[in-house]
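Peer 1: After the structure tokens below, expect a handful of questions from me.
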Amino acid sequence: MKSIAVVEDEKMVAKELSSMLEKEGYDVHCIDDFSEVTETVLELRPDLLLLDINLPGKSGFQICREIKNKSSIPVVVVTSRDQLPDELHALELGADEFLTKPYRKERLLARVANVLRRYEGRSNMLEGPGFLLDRGTYTLYVDGSSVLLPKNQGKILEALMTELGNVVTKETICEAVWGTSEFIDENALQVNLTRLKKTLAALPMKVQIASERGVGYKLLPSDTSEKAPEGEV
């Protein structure tokens, strides 16, 4: 059974959407705590997110950006905002569909089903800015080409993508790669990071690995001014 998360602050609309989707056989989770929407969605890991734009606290645009930066969960925006700039902005942030209220039930259900079909077989895919990583094989897909990463490098990239933009500690990376952080082999970690950086640099990637001295590493947009300190990768 496919699961769908609904983020809608109008209770009647949320109830209507929930009832409609449940009748179609979907497992529906209505999120009504808007203080930590992104965290809740990432924890639930639904097969699809129905997202309103006008929400208390963070806007749907910001939530969409955060979700797409950290996961490949498909997002269907359902909103009363019917201006073309709003639609284009949502699509630029990674939304898969944009529907305006009022909507026809048949149209919404068709769009949901279509997006879910497009994502069939992509459960192993982790999505980054302009690229995908297959967590099953550690194949990197970017700009129409693919590169099979060595297992250790793939695990490092996966750990960094999961916390895109945030520092991932050396201990966390070692746990991901070797299953333990008790005995950190700094040389082995540095070697794998150096090789991964060279691989990414040779591809049309929009990200780079930056270091936080003494703490760990993070994945940042490639046009950032942050660089690894001298002597570190």
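In the structure tokens, each chain is lettered A, B, ... as it comes, each chain's residues begin at 1, and ligands are numbered from 1 in order of appearance.
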Residues at most 6 Å from Tyr138 (chain A), counting only C-alpha atoms, excluding those fewer than 2 positions away in the same chain, as a ChimeraX atom specification?
Peer 2: /A:134-136,149,154
Peer 1: Taking only region 53-200 of chain A into account, list the residues labelled helix (DSSP H, G or I) by DSSP (computed from the backbone), as JSON, numbers by chain.
Peer 2: {"A": [60, 61, 62, 63, 64, 65, 66, 67, 68, 69, 70, 84, 85, 86, 87, 88, 89, 90, 91, 92, 105, 106, 107, 108, 109, 110, 111, 112, 113, 114, 115, 116, 117, 118, 151, 152, 153, 154, 155, 156, 157, 158, 159, 160, 161, 162, 170, 171, 172, 173, 174, 175, 176, 177, 178, 186, 187, 188, 189, 190, 191, 192, 193, 194, 195, 196, 197, 198, 199, 200]}
Peer 1: Find the distance between CA of Glu171 (chain A) and CA of Gly216 (chain A) and write it in Å to one decimal.
Peer 2: 8.1 Å
Peer 1: I'd like the contact shell of region 51-61 of chain A - 7 Å cut-off, only C-alpha atoms, skipping same-chain residues fewer than 5 positions apart - returned as a VMD selection string.
Peer 2: chain A and resid 6 to 9 34 to 35 75 to 79 90
Peer 1: How about saving the chosen residues, C-alpha atoms kept, as a short mmCIF file (atom, residue, chain, number, x, y, z; two decimals), in the first residue's frame?
Peer 2:
data_model
loop_
_atom_site.label_atom_id
_atom_site.label_comp_id
_atom_site.auth_asym_id
_atom_site.auth_seq_id
_atom_site.Cartn_x
_atom_site.Cartn_y
_atom_site.Cartn_z
CA VAL A 6 -0.76 15.52 3.50
CA VAL A 7 0.39 18.95 4.68
CA GLU A 8 -2.63 21.24 4.62
CA ASP A 9 -3.58 23.77 7.31
CA PHE A 34 3.50 22.71 11.32
CA SER A 35 6.50 23.43 13.54
CA VAL A 75 6.09 16.34 -4.01
CA VAL A 76 2.72 17.41 -5.44
CA VAL A 77 1.88 21.02 -4.60
CA VAL A 78 -1.85 21.71 -4.09
CA THR A 79 -2.53 25.40 -3.50
CA ALA A 90 7.68 25.35 -7.04
#
Peer 1: Excluding Glu22 (chain A) and its own-chain neighbours fewer than 2 positions away, which residues fall within 12 Å of it when counting only C-alpha atoms? Please give them as a PyMOL selection string.
Peer 2: chain A and resi 1-6+15-20+24-30+109
Peer 1: My list of candidates is A:Ala202, A:Val13, A:Leu108, A:Leu126. Which is closest to Ile73 (chain A) when distances are computed with only C-alpha atoms?
Peer 2: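 The shortest atom-to-atom distance to Ile73 (chain A) comes from A:Leu126.
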